[in-house]
Number of protein chains: 2
Amino acid sequence: MYNPLFLPVVQEMLENNDTQAMAEFCNVLHPAVIAEVLETLESDQIWRILTTCSFQKQVEIFEYISLSHQTELVKVIDRESLSHLLEEMSPDDRVALISRMEPSYVSTLMPLIAQAERNDIRKMLSYPDDSAGSIMTTEYAWLSESVTVKEAIEQLRLQAPSRETIYYVYILDEGRRLQGMISLQELILANPDTLIKKHVKREVIAVRVDDDQEFVAHELAKYDFLAIPVVDNQNRLVGIVTYDDVIDIVQEEATEDAYRAAGVEPFEDHYLDVSLKTVLWKRGSWLFFFAAVALISGKFLHSYSSIYDQVTWTVFFLPLVMASGGNAGTQACTLVIRAMTLGEINPSKYWLLVRRELLMGALLGLWISLLGIASAIFIFKLSYQDSLVVFTTVFMVVYLGNIIGVLLPMAFKKLGMDPALMSNPMITAIIDVVGVLLYLGTIVLIATQVVV
Amino acid sequence: MYNPLFLPVVQEMLENNDTQAMAEFCNVLHPAVIAEVLETLESDQIWRILTTCSFQKQVEIFEYISLSHQTELVKVIDRESLSHLLEEMSPDDRVALISRMEPSYVSTLMPLIAQAERNDIRKMLSYPDDSAGSIMTTEYAWLSESVTVKEAIEQLRLQAPSRETIYYVYILDEGRRLQGMISLQELILANPDTLIKKHVKREVIAVRVDDDQEFVAHELAKYDFLAIPVVDNQNRLVGIVTYDDVIDIVQEEATEDAYRAAGVEPFEDHYLDVSLKTVLWKRGSWLFFFAAVALISGKFLHSYSSIYDQVTWTVFFLPLVMASGGNAGTQACTLVIRAMTLGEINPSKYWLLVRRELLMGALLGLWISLLGIASAIFIFKLSYQDSLVVFTTVFMVVYLGNIIGVLLPMAFKKLGMDPALMSNPMITAIIDVVGVLLYLGTIVLIATQVVV
């Protein structure tokens with residue numbers, strides 16, 4: 001965790017302009033720790049500290065700084081230094097940063113970047129957002145299968161400094177097509193004088209360059225891979241996605257899902273780094289929509305306003321009716337969406353799920369309607385007929401709320417839409433309308449002393 | 001993703017009792033894929049297939065089978081085979097399985113397990129649930145620092161078959177205290193004849209055996225480690241947690257958080273594998289609680305039931321008032337809880353956050369109350385004074401809902417309780433009570449034609 005003790009020390013270094021202490025600070029601690037401390041400073045202060053250490057170290061620390069802070073940092077350095085920095089960064093971090101910069105500024109920057117890196121950037125920028133291609137790194141270790149184990153280790157030694165990992169090595173033919181893979185562990189264990197083709201695993205699980213990042217994460221996690229290869233449609237290896245990126249993706253997707261569940265449009269940065277305007281828009285638009293749906297419930301309630309005076313107990317149960325349906329729906333919807341996200345539910349299980357939820361809804365409905373009928377009888381001493389209104393409505397609204405909560409995300413998925421659009425407040429708003437209608441209908445049909 | 005094409009083939013093998021085809025099936029595909037297919041079969045069918053291949057392969061596939069299916073599988077084999085299986089499993093998977101078995105059965109099983117593994121199991125079972133100690137593996141690679149690079153690689157070659165990973169190697173002294181670490185990549189790059197103590201990294205970031213798994217995951221992710229060492233309070237290395245376990249933890253915690261947000265108590269297995277009874281309890285208890293809180297709102301609404309007849313438009317705005325406060329609170333609460341989970345908010349930022357949310361709540365309140373006042377004026381042609389009731393209530397309920405949504409999880413955290421107890425329906429239920437009181441109060445104070 002973040003150690004607040006470093007901050008006063010760093011501020012003292014800055015005041016005294018103690019470049020030697022700054023350089024030591026950068027060299028002794030883990031770059032992730034330094035990045036965390038630096039993020040609490042101003043951009044120019046960060047650069048003052050970073051420039052005291054070697055360029056390689058600068059890049060290493062810079063890559064651990066969060067994307068929103070990186071975006072601020074690159075605004076205050078000249079193009080020359082920036083192009084130099086971009087050249088040295090790892091391809092995935094570099095492209096993530098560039099896609100957040102002004103396109104017009106990027107185009108003035110590109111000619112300053114070395115040819116090889118420029119081509120790499122152009123290619124990676126061409127892949128769709130959140131695809132395997134946009135998150136992979138192009139710095140993978142590879143060999144041709146005609147070398148011996150000893151030669152392979154020699155070659156890896158040369159490749160190591162510029163590769164994201166040398167623990168998984170991919171075997172390519174002359175056309176760069178993926179032929180197999182071997183791990184460094186297998187190479188170490190193999191007889192040095194044998195050809196590596198004897199040890200190579202041929203059945204390589206890979207993802208396509210346009211696969212979604214969530215699928216990539218799912219595949220890597222399923223097989224416990226350290227990295228997963230990314231191929232184009234001619235099976236040519238174009239990059240790899242490593243486990244550390246997958247951990248970030250899983251966190252990112254979990255955050256997005258939590259936001260969506262609460263009716264907040266996801267944003268890219270840490271919450272406190274996002275501008276007030278953006279948050280207002282991402283929250284306000286949904287809030288407005290839910291409020292508009294609430295007015296529909298209000299419209300129905302209002303149409304029958306003569307009821308509340310005739311049978312005043314009906315008002316008492318209104319919050320129970322509205323809350324219970326929405327809450328049961330929220331629960332069901334969350335369980336289904338989460339199970340879909342984790343790949344636990346495939347279409348063959350849909351029917352099983354619906355059958356189970358129908359039973360679950362009935363049991364939960366019974367359970368909550370018991371609370372309703374108990375209050376009706378003991379608090380209001382209602383007649384059996386009037387108590388039946390409370391019982392029936394609460395039962396039905398929980399039952400329907402539950403099954404709506406299951407069916408809506410399934411329907412969205414089936415239609416190719418994101419089931420996560422069914423946020424908790426959305427489900428609640430929809431079921432509130434249903435609940436109000438059910439309640440009014442039941443009152444009119446069953447309750448005594450009601451004349452509409 | 002799961003390939004449904006395998007299932008008919010497997011079923012045919014079982015019908016024809018084609019053991020040769022079964023063995024081939026187990027040997028050709030990736031164990032994760034086989035495990036996925038097997039999970040759709042009955043326990044005895046799974047064992048019929050597994051026992052056609054080598055014991056080592058059996059264990060490998062078994063470890064990829066989900067914990068709930070593993071628990072079923074071990075019920076149908078004899079103690080002898082089970083103890084043999086447990087001996088061969090990796091320590092973390094083994095302990096996860098054992099902690100799900102009947103304690104009385106485990107104690108009859110333990111004497112059959114070899115001494116070394118038995119001690120390992122006893123020790124790991126003694127660590128608290130969800131602590132680093134309970135999820136780590138004890139099969140790490142280690143060296144003493146007095147060997148040369150060449151000797152080190154030789155020793156790793158011998159250790160490799162029984163180690164979870166040899167890519168990170170830990171340096172221990174005679175007391176097994178953690179002195180440093182070196183990666184296999186660094187060993188490969190180093191001059192074979194130098195002593196490894198020259199290359200070892202001394203500042204090793206480790207977690208304690210009783211640290212929570214969420215913290216372990218956070219640390220590994222922060223430093224992009226492949227594995228993180230776990231030490232006891234004498235700095236002795238007791239195990240490592242690897243990246244693949246961290247990916248599982250992050251997924252597991254995200255699922256728990258999503259469930260809690262929806263007011264569902266988390267459960268350990270896949271949703272469809274959990275018994276109906278368990279789900280009913282984990283959902284029903286919270287639903288009942290929320291329903292009870294809704295009755296409090298109902299009580300207040302009912303106490304003023306003479307109002308709804310005097311000014312019938314008040315009923316129209318009731319759903320808007322109740323929904324908007326709860327929705328704003330749900331959004332705010334989710335944003336805060338998620339930021340806490342990701343470590344983005346530390347206590348030094350609390351005040352900044354609260355200030356920002358006060359402004360945000362006011363702006364969101366204005367925005368939604370505009371919808372309220374517009375309906376008041378255009379739909380009901382209410383007087384300015386009556387419209388002011390709608391405007392004031394909606395503004396205040398969104399404003400208060402928002403700040404309650406921020407403060408409650410922060411207060412829970414401060415009190416050492418889990419902020420995630422503040423689920424979306426809980427926040428909504430609490431704010432509904434506030435909203436109803438505000439609405440009634442405002443009506444009584446401001447609205448014309450009301451006599452209480």
# chains A, B, ... in the order shown; residues from 1 in each chain; ligands from 1
call {"tool": "interface_residues", "arguments": {"of": "chain A", "to": "chain B", "cutoff": "6 Å", "atoms": "only C-alpha atoms", "output": "list in words"}}
result
Ala32, Arg157, Leu189, Tyr223, Asp224, Asp244, Ile247, Ala254, Ala262, Ala291, Ala294, Leu295, Gly298, Lys299, His302, Asp309, Val315, Phe316, Phe317, Pro319, Leu320, Thr330 and Gln331 of chain A
call {"tool": "residues_around", "arguments": {"residues": "A:Lys413", "least_positions_apart": "3", "cutoff": "12 Å", "atoms": "only C-alpha atoms", "output": "ChimeraX atom specification"}}
result
/A:336-337,340-341,345-347,350,406-410,416-422
call {"tool": "select_by_dssp", "arguments": {"residues": "stretch 58-278 of chain A", "states": "strand (DSSP E or B)", "output": "PyMOL selection string"}}
result
chain A and resi 131+137+140-143+148+165-172+177-183+195+201+207-208+212+227-231+236-242
call {"tool": "write_last_selection", "arguments": {"atoms": "N, CA and C atoms", "output": "JSON list (two decimals), in the first residue's frame"}}
result
[["chain", "number", "residue", "atom", "x", "y", "z"],
["A", 131, "SER", "N", -9.74, -4.24, -28.15],
["A", 131, "SER", "CA", -9.51, -5.52, -28.84],
["A", 131, "SER", "C", -8.15, -6.04, -28.40],
["A", 137, "THR", "N", 1.34, -6.52, -26.59],
["A", 137, "THR", "CA", 2.65, -5.92, -26.85],
["A", 137, "THR", "C", 3.26, -6.68, -28.01],
["A", 140, "TYR", "N", 7.62, -9.78, -28.22],
["A", 140, "TYR", "CA", 7.59, -11.16, -27.73],
["A", 140, "TYR", "C", 8.88, -11.87, -28.15],
["A", 141, "ALA", "N", 9.19, -12.95, -27.46],
["A", 141, "ALA", "CA", 10.38, -13.73, -27.80],
["A", 141, "ALA", "C", 9.98, -14.81, -28.81],
["A", 142, "TRP", "N", 10.81, -15.00, -29.84],
["A", 142, "TRP", "CA", 10.47, -16.02, -30.83],
["A", 142, "TRP", "C", 11.74, -16.67, -31.38],
["A", 143, "LEU", "N", 11.54, -17.87, -31.91],
["A", 143, "LEU", "CA", 12.64, -18.65, -32.48],
["A", 143, "LEU", "C", 12.14, -19.39, -33.71],
["A", 148, "THR", "N", 19.04, -25.73, -32.04],
["A", 148, "THR", "CA", 19.14, -26.65, -30.90],
["A", 148, "THR", "C", 18.75, -25.90, -29.62],
["A", 165, "THR", "N", 8.64, -10.65, -22.09],
["A", 165, "THR", "CA", 8.95, -11.85, -21.33],
["A", 165, "THR", "C", 9.69, -12.82, -22.23],
["A", 166, "ILE", "N", 10.61, -13.60, -21.64],
["A", 166, "ILE", "CA", 11.24, -14.67, -22.43],
["A", 166, "ILE", "C", 10.83, -16.02, -21.86],
["A", 167, "TYR", "N", 9.83, -16.02, -20.97],
["A", 167, "TYR", "CA", 9.43, -17.29, -20.35],
["A", 167, "TYR", "C", 8.58, -18.13, -21.29],
["A", 168, "TYR", "N", 7.85, -17.47, -22.19],
["A", 168, "TYR", "CA", 7.14, -18.20, -23.24],
["A", 168, "TYR", "C", 7.79, -17.79, -24.56],
["A", 169, "VAL", "N", 8.21, -18.77, -25.32],
["A", 169, "VAL", "CA", 8.88, -18.48, -26.58],
["A", 169, "VAL", "C", 8.05, -19.08, -27.71],
["A", 170, "TYR", "N", 7.76, -18.30, -28.72],
["A", 170, "TYR", "CA", 6.90, -18.76, -29.80],
["A", 170, "TYR", "C", 7.75, -19.18, -31.00],
["A", 171, "ILE", "N", 7.31, -20.23, -31.65],
["A", 171, "ILE", "CA", 8.05, -20.78, -32.80],
["A", 171, "ILE", "C", 7.33, -20.33, -34.06],
["A", 172, "LEU", "N", 8.06, -19.60, -34.92],
["A", 172, "LEU", "CA", 7.47, -19.06, -36.14],
["A", 172, "LEU", "C", 8.15, -19.66, -37.36],
["A", 177, "ARG", "N", 4.23, -17.23, -39.33],
["A", 177, "ARG", "CA", 3.05, -17.95, -38.84],
["A", 177, "ARG", "C", 3.40, -18.73, -37.59],
["A", 178, "LEU", "N", 2.44, -18.77, -36.68],
["A", 178, "LEU", "CA", 2.66, -19.42, -35.38],
["A", 178, "LEU", "C", 2.64, -20.93, -35.54],
["A", 179, "GLN", "N", 3.77, -21.59, -35.22],
["A", 179, "GLN", "CA", 3.90, -23.04, -35.40],
["A", 179, "GLN", "C", 3.87, -23.81, -34.09],
["A", 180, "GLY", "N", 4.18, -23.12, -33.00],
["A", 180, "GLY", "CA", 4.22, -23.81, -31.72],
["A", 180, "GLY", "C", 4.78, -22.91, -30.65],
["A", 181, "MET", "N", 4.95, -23.46, -29.46],
["A", 181, "MET", "CA", 5.57, -22.67, -28.39],
["A", 181, "MET", "C", 6.36, -23.58, -27.46],
["A", 182, "ILE", "N", 7.27, -22.98, -26.74],
["A", 182, "ILE", "CA", 8.02, -23.70, -25.72],
["A", 182, "ILE", "C", 8.31, -22.73, -24.58],
["A", 183, "SER", "N", 8.27, -23.24, -23.36],
["A", 183, "SER", "CA", 8.53, -22.34, -22.23],
["A", 183, "SER", "C", 10.02, -22.40, -21.90],
["A", 195, "LEU", "N", 17.41, -30.77, -30.95],
["A", 195, "LEU", "CA", 16.73, -29.69, -31.67],
["A", 195, "LEU", "C", 15.47, -29.30, -30.89],
["A", 201, "LYS", "N", 5.57, -27.46, -28.22],
["A", 201, "LYS", "CA", 4.16, -27.82, -28.12],
["A", 201, "LYS", "C", 3.47, -27.27, -29.37],
["A", 207, "VAL", "N", -5.40, -16.11, -29.44],
["A", 207, "VAL", "CA", -6.59, -15.31, -29.71],
["A", 207, "VAL", "C", -6.36, -14.52, -30.98],
["A", 208, "ARG", "N", -7.47, -14.03, -31.57],
["A", 208, "ARG", "CA", -7.38, -13.22, -32.77],
["A", 208, "ARG", "C", -7.20, -11.76, -32.40],
["A", 212, "ASP", "N", -12.31, -9.47, -28.35],
["A", 212, "ASP", "CA", -12.49, -8.50, -27.29],
["A", 212, "ASP", "C", -11.56, -8.78, -26.10],
["A", 227, "ALA", "N", 1.22, -15.74, -20.70],
["A", 227, "ALA", "CA", 0.96, -14.84, -21.82],
["A", 227, "ALA", "C", 0.16, -15.63, -22.85],
["A", 228, "ILE", "N", -0.62, -14.92, -23.65],
["A", 228, "ILE", "CA", -1.38, -15.60, -24.70],
["A", 228, "ILE", "C", -1.03, -14.94, -26.03],
["A", 229, "PRO", "N", -0.74, -15.75, -27.07],
["A", 229, "PRO", "CA", -0.35, -15.16, -28.35],
["A", 229, "PRO", "C", -1.55, -14.59, -29.10],
["A", 230, "VAL", "N", -1.30, -13.51, -29.83],
["A", 230, "VAL", "CA", -2.35, -12.86, -30.64],
["A", 230, "VAL", "C", -1.97, -13.03, -32.11],
["A", 231, "VAL", "N", -2.86, -13.60, -32.91],
["A", 231, "VAL", "CA", -2.55, -13.84, -34.32],
["A", 231, "VAL", "C", -3.52, -13.08, -35.22],
["A", 236, "ARG", "N", -0.60, -15.38, -38.44],
["A", 236, "ARG", "CA", 0.72, -14.79, -38.19],
["A", 236, "ARG", "C", 0.73, -14.18, -36.80],
["A", 237, "LEU", "N", 1.80, -14.42, -36.07],
["A", 237, "LEU", "CA", 1.88, -13.87, -34.72],
["A", 237, "LEU", "C", 2.11, -12.37, -34.80],
["A", 238, "VAL", "N", 1.23, -11.59, -34.17],
["A", 238, "VAL", "CA", 1.40, -10.14, -34.19],
["A", 238, "VAL", "C", 1.72, -9.57, -32.80],
["A", 239, "GLY", "N", 1.49, -10.36, -31.76],
["A", 239, "GLY", "CA", 1.80, -9.85, -30.43],
["A", 239, "GLY", "C", 1.42, -10.86, -29.36],
["A", 240, "ILE", "N", 1.63, -10.46, -28.09],
["A", 240, "ILE", "CA", 1.20, -11.29, -26.97],
["A", 240, "ILE", "C", 0.52, -10.38, -25.94],
["A", 241, "VAL", "N", -0.39, -10.97, -25.17],
["A", 241, "VAL", "CA", -0.96, -10.26, -24.03],
["A", 241, "VAL", "C", -0.48, -10.99, -22.78],
["A", 242, "THR", "N", 0.10, -10.25, -21.83],
["A", 242, "THR", "CA", 0.69, -10.90, -20.67],
["A", 242, "THR", "C", -0.26, -10.85, -19.46]]
call {"tool": "residues_around", "arguments": {"residues": "A:Glu139", "least_positions_apart": "6", "cutoff": "8 Å", "atoms": "only C-alpha atoms", "output": "ChimeraX atom specification"}}
result
/A:90-91,162-164,239-240
call {"tool": "closest_residue", "arguments": {"among": "A:Met101, A:Asp210, A:Leu82, A:Val59", "to": "A:Met124", "atoms": "only C-alpha atoms"}}
result
A:Asp210
call {"tool": "residues_around", "arguments": {"residues": "B:Glu80", "least_positions_apart": "6", "cutoff": "12 Å", "atoms": "only C-alpha atoms", "output": "number ranges by chain"}}
result
B: 74, 86-87, 108-114
call {"tool": "select_by_dssp", "arguments": {"residues": "stretch 49-290 of chain B", "states": "alpha helix (DSSP H)", "output": "MDAnalysis selection string"}}
result
chainID B and resid 49:50 55:64 67:73 79:88 91:98 103:109 115:125 132:135 149:159 184:189 213:223 243:261 276:290
